[in-house]
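Down below is the structure, laid out as structure tokens.
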Amino acid sequence: MSRDDDKGWDTGLSRFLDAERRNVTAPDDAEERVWGRVAAGIGGFGGSGGSGGGGTGDGGKSSAGARARAASGEVSPKPGRWLASNPGILAVYALGVATGIVGSVLASHATSRGYASNPRVDRVETVAVDREVVPMPVAVALSGTADAAPSPPATSVGARPPMATVGPATVRTLEEERVLLDVARTSLGRGDGAGAMRAITAHEQRYPQGLLAEEREAIAIQALLLIPSFEDARRREAAFERQYPHSMLLQAVRASVQSIP
Amino acid sequence: MPPLDDLGFQRMFRAEFRYVWTSLRRLGVPVRDIEDVAHEMFLEVHRHIGRYDPARPVRPWLFAFALRFAADYRKQARVRREGFEEPPELADPSPGADAHLAQREACELVAEALAAVDLDRRAVFILFELDEVPMADIAASLGLPVNTAYSRLRLARDEFASAAKRIQLRRGLR
């Protein structure tokens with residue numbers, strides 16, 4: 001199609017239009033935020049595959065994640081009876097929901113106040129209201145999330161770095177983490193252990209040391225019990241005990257694994 | 001060509017996110033709400049990814065989604081009585097923007113003039129004048145007869161040029 005339909009068109013405006021043609025842009029971190037929400041909304045892709053700058057490339061992680069998602073989606077979950085007969089899992093689920101609510105409330109509160117707070121109420125050490133630099137007892141790896149290493153085994157859940165500088169971006173990160181775990185919890189509520197693990201894996205790849213890593217691990221154990229994958233659940237529970245010896249979720253997590261037939 | 005799978009969708013997202021963001025802005029969605037609208041839009045794109053023909057240009061196909069979501073946003077804004085359309089906003093003042101003041105002012109003028117153009121006509125104008133999409137592809141993506149698309153383009157140009165002159169005059173009088 002020719003573009004010769006310019007008769008009568010005010011060519012005096014061409015320099016303005018030229019400028020706007022080049023003005024194809026978006027805020028730097030918008031792409032990652034939207035992708036996190038989209039990936040969560042469609043069931044979770046592995047990794048962000050992000051280029052960080054909005055380029056066209058994405059890593060092989062995303063491909064592997066998508067394939068894993070497709071593959072695991074074919075496994076029919078075995079929810080139902082075992083879940084119902086194991087109050088430990090239900091207790092963990094309830095506690096998970098409770099802490100999720102706490103996390104959500106704190107995230108919301110933090111957003112409104114312009115700072116982030118650690119939802120793990122048993123470990124909150126420092127909360128400040130300085131918008132510029134806020135010492136927090138959490139790990140923040142915003143720029144590193146796109147290049148996060150592949151999902152580590154349960155036994156390698158690392159310790160959190162002691163301090164990090166956070167700002168409004170961390171609040172967004174917490175919100176994105178929460179969205180992914182909400183997907184996992186919802187799947188768990190449906191008795192869909194495989195679906196929950198897809199969201200867990202997505203969270204693990206994006207936020208291996210995330211603010212909600214503790215809650216993620218608790219949900220992962222429940223999901224593994226549902227699949228069922230008892231050995232993996234036991235290994236992950238042992239790692240949970242080492243990593244979070246004072247967790248408010250520990251008792252329920254332990255009880256759920258002890259109830260394995 | 002086979003339809004896109006999840007990986008293809010992810011690549012599309014990565015390649016075209018900025019274009020979608022820009023299109024939503026040009027279609028009048030306030031910057032503060034573009035992220036939410038883009039999120040909803042890409043979920044819808046994912047639901048329809050099987051219908052996309054990779055042999056066709058992707059931007060007009062995505063733009064049709066953007067137009068629908070911008071129109072829906074407009075309706076909701078009216079329901080909320082928030083006074084759509086708001087003063088247009090630029091995307092983000094990128095580093096070095098101050099050094100290119102003339103370009104920035106030009107973009108602001110275009111944004112303000114675009115806001116004066118009827119949304120359906122504006123869509124054709126954006127695709128033709130800014131995205132430089134052939135009219136046949138524009139008509140196909142928006143589901144219009146080619147003659148109708150040309151008619152909308154002519155009207156949009158008139159509206160845009162009138163608005164641009166008003167803006168230039170106003171600025172000149174400042």
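Within each chain, counting starts at residue 1; across the structure tokens, chains are named A, B, ... in the order shown, with ligands numbered 1 upward in that order.
Set the cut-off at 7 Å, count only C-alpha atoms, and the residues of chain B near chain A turn out to be B:Asp6, B:Leu7, B:Arg11, B:Arg14, B:Ala15, B:Phe17, B:Arg18, B:Tyr19, B:Trp21, B:Thr22, B:Glu35, B:His39, B:Phe42, B:Leu43, B:Ala91, B:Asp92, B:Gln103, B:Ala106, B:Cys107, B:Val110, B:Leu130, B:Asp131, B:Pro134, B:Met135, B:Ala136, B:Ala161.
The gap separating atom CA of Arg121 of chain B from atom CA of Ala163 of chain B is 14.2 Å, in Å to one decimal.
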If we count only C-alpha atoms and set the cut-off at 12 Å, which residues sit around segment 140-142 of chain B, ignoring sequence neighbours fewer than 3 positions away in its own chain? Please answer as a short mmCIF file (atom, residue, chain, number, x, y, z; two decimals) with N, CA, C and O atoms, in the first residue's frame.
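Output (part.cif):
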data_model
loop_
_atom_site.label_atom_id
_atom_site.label_comp_id
_atom_site.auth_asym_id
_atom_site.auth_seq_id
_atom_site.Cartn_x
_atom_site.Cartn_y
_atom_site.Cartn_z
N TYR B 52 -3.56 -15.71 16.72
CA TYR B 52 -2.64 -14.82 16.03
C TYR B 52 -1.90 -15.58 14.93
O TYR B 52 -1.39 -16.68 15.15
N ASP B 53 -1.88 -14.99 13.76
CA ASP B 53 -1.18 -15.57 12.62
C ASP B 53 0.21 -14.95 12.56
O ASP B 53 0.35 -13.77 12.22
N ARG B 56 1.35 -12.51 9.96
CA ARG B 56 0.84 -11.13 9.93
C ARG B 56 1.64 -10.24 10.86
O ARG B 56 2.22 -10.71 11.84
N PRO B 57 1.67 -8.93 10.57
CA PRO B 57 2.41 -8.03 11.48
C PRO B 57 1.75 -8.00 12.86
O PRO B 57 0.53 -7.95 12.98
N VAL B 58 2.58 -8.06 13.88
CA VAL B 58 2.06 -8.21 15.24
C VAL B 58 1.52 -6.89 15.79
O VAL B 58 0.56 -6.88 16.57
N ARG B 59 2.12 -5.78 15.41
CA ARG B 59 1.71 -4.53 16.05
C ARG B 59 0.26 -4.13 15.77
O ARG B 59 -0.45 -3.76 16.71
N PRO B 60 -0.20 -4.20 14.54
CA PRO B 60 -1.63 -3.88 14.34
C PRO B 60 -2.54 -4.83 15.10
O PRO B 60 -3.60 -4.43 15.58
N TRP B 61 -2.11 -6.09 15.22
CA TRP B 61 -2.93 -7.06 15.96
C TRP B 61 -3.00 -6.66 17.43
O TRP B 61 -4.08 -6.65 18.04
N LEU B 62 -1.85 -6.31 18.00
CA LEU B 62 -1.84 -5.87 19.40
C LEU B 62 -2.58 -4.55 19.58
O LEU B 62 -3.25 -4.31 20.59
N PHE B 63 -2.44 -3.69 18.60
CA PHE B 63 -3.06 -2.38 18.71
C PHE B 63 -4.59 -2.50 18.81
O PHE B 63 -5.24 -1.72 19.51
N ALA B 64 -5.14 -3.48 18.12
CA ALA B 64 -6.59 -3.68 18.20
C ALA B 64 -7.01 -4.01 19.63
O ALA B 64 -8.06 -3.54 20.11
N PHE B 65 -6.19 -4.79 20.34
CA PHE B 65 -6.46 -5.05 21.76
C PHE B 65 -6.36 -3.75 22.55
O PHE B 65 -7.21 -3.45 23.40
N ALA B 66 -5.30 -3.00 22.26
CA ALA B 66 -5.09 -1.75 23.01
C ALA B 66 -6.26 -0.80 22.80
O ALA B 66 -6.71 -0.15 23.75
N LEU B 67 -6.76 -0.74 21.59
CA LEU B 67 -7.89 0.15 21.31
C LEU B 67 -9.12 -0.27 22.11
O LEU B 67 -9.82 0.56 22.71
N ARG B 68 -9.37 -1.56 22.14
CA ARG B 68 -10.55 -2.04 22.88
C ARG B 68 -10.40 -1.75 24.38
O ARG B 68 -11.36 -1.30 25.02
N ASP B 120 -11.88 6.44 17.71
CA ASP B 120 -11.81 5.52 16.59
C ASP B 120 -10.99 6.10 15.44
O ASP B 120 -10.24 5.38 14.77
N ARG B 121 -11.15 7.39 15.21
CA ARG B 121 -10.37 8.03 14.15
C ARG B 121 -8.91 8.15 14.59
O ARG B 121 -8.00 8.01 13.78
N ALA B 123 -7.31 6.09 16.35
CA ALA B 123 -6.65 4.79 16.19
C ALA B 123 -6.08 4.65 14.79
O ALA B 123 -4.93 4.21 14.61
N VAL B 124 -6.86 5.00 13.79
CA VAL B 124 -6.37 4.90 12.41
C VAL B 124 -5.20 5.86 12.21
O VAL B 124 -4.18 5.52 11.59
N LEU B 127 -1.99 4.49 13.87
CA LEU B 127 -1.41 3.38 13.12
C LEU B 127 -0.78 3.86 11.81
O LEU B 127 0.30 3.40 11.42
N VAL B 133 1.93 1.91 9.56
CA VAL B 133 1.37 0.61 9.13
C VAL B 133 0.61 0.83 7.82
O VAL B 133 -0.13 1.81 7.69
N PRO B 134 0.77 -0.05 6.83
CA PRO B 134 0.00 0.07 5.59
C PRO B 134 -1.50 0.04 5.87
O PRO B 134 -1.96 -0.68 6.76
N MET B 135 -2.24 0.79 5.08
CA MET B 135 -3.67 0.93 5.36
C MET B 135 -4.42 -0.41 5.27
O MET B 135 -5.39 -0.63 5.99
N ALA B 136 -3.95 -1.30 4.40
CA ALA B 136 -4.62 -2.60 4.29
C ALA B 136 -4.52 -3.37 5.61
O ALA B 136 -5.49 -4.01 6.06
N ASP B 137 -3.36 -3.28 6.25
CA ASP B 137 -3.19 -3.96 7.53
C ASP B 137 -3.99 -3.28 8.63
O ASP B 137 -4.51 -3.94 9.54
N PRO B 145 -13.66 -1.68 6.48
CA PRO B 145 -13.40 -1.57 5.05
C PRO B 145 -12.28 -0.55 4.83
O PRO B 145 -12.19 0.45 5.57
N VAL B 146 -11.48 -0.75 3.82
CA VAL B 146 -10.35 0.15 3.58
C VAL B 146 -10.83 1.58 3.37
O VAL B 146 -10.22 2.54 3.86
N ASN B 147 -11.92 1.73 2.64
CA ASN B 147 -12.42 3.09 2.39
C ASN B 147 -12.82 3.79 3.70
O ASN B 147 -12.61 4.99 3.85
N THR B 148 -13.41 3.04 4.58
CA THR B 148 -13.78 3.61 5.88
C THR B 148 -12.54 4.04 6.65
O THR B 148 -12.50 5.11 7.29
N ALA B 149 -11.52 3.21 6.57
CA ALA B 149 -10.27 3.55 7.27
C ALA B 149 -9.68 4.83 6.70
O ALA B 149 -9.23 5.71 7.45
N ARG B 152 -11.69 7.77 7.91
CA ARG B 152 -11.34 8.12 9.30
C ARG B 152 -10.00 8.84 9.36
O ARG B 152 -9.81 9.76 10.16
#
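Note that atom CA of Arg32 of chain B and atom CA of Glu129 of chain B are 25.5 Å apart.
Atom pair atom CA of Ile221 of chain A / atom CA of Phe240 of chain A: separated by 9.1 Å.
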Residue nearest Asp192 of chain A among A:Val253, A:Leu226, A:Leu180, A:Ile219 (counting only C-alpha atoms): A:Leu226
Which of these residues is nearest to Ala71 of chain B, using only C-alpha atoms: B:Met12, B:Leu24, B:Leu101, B:Val31? B:Leu24
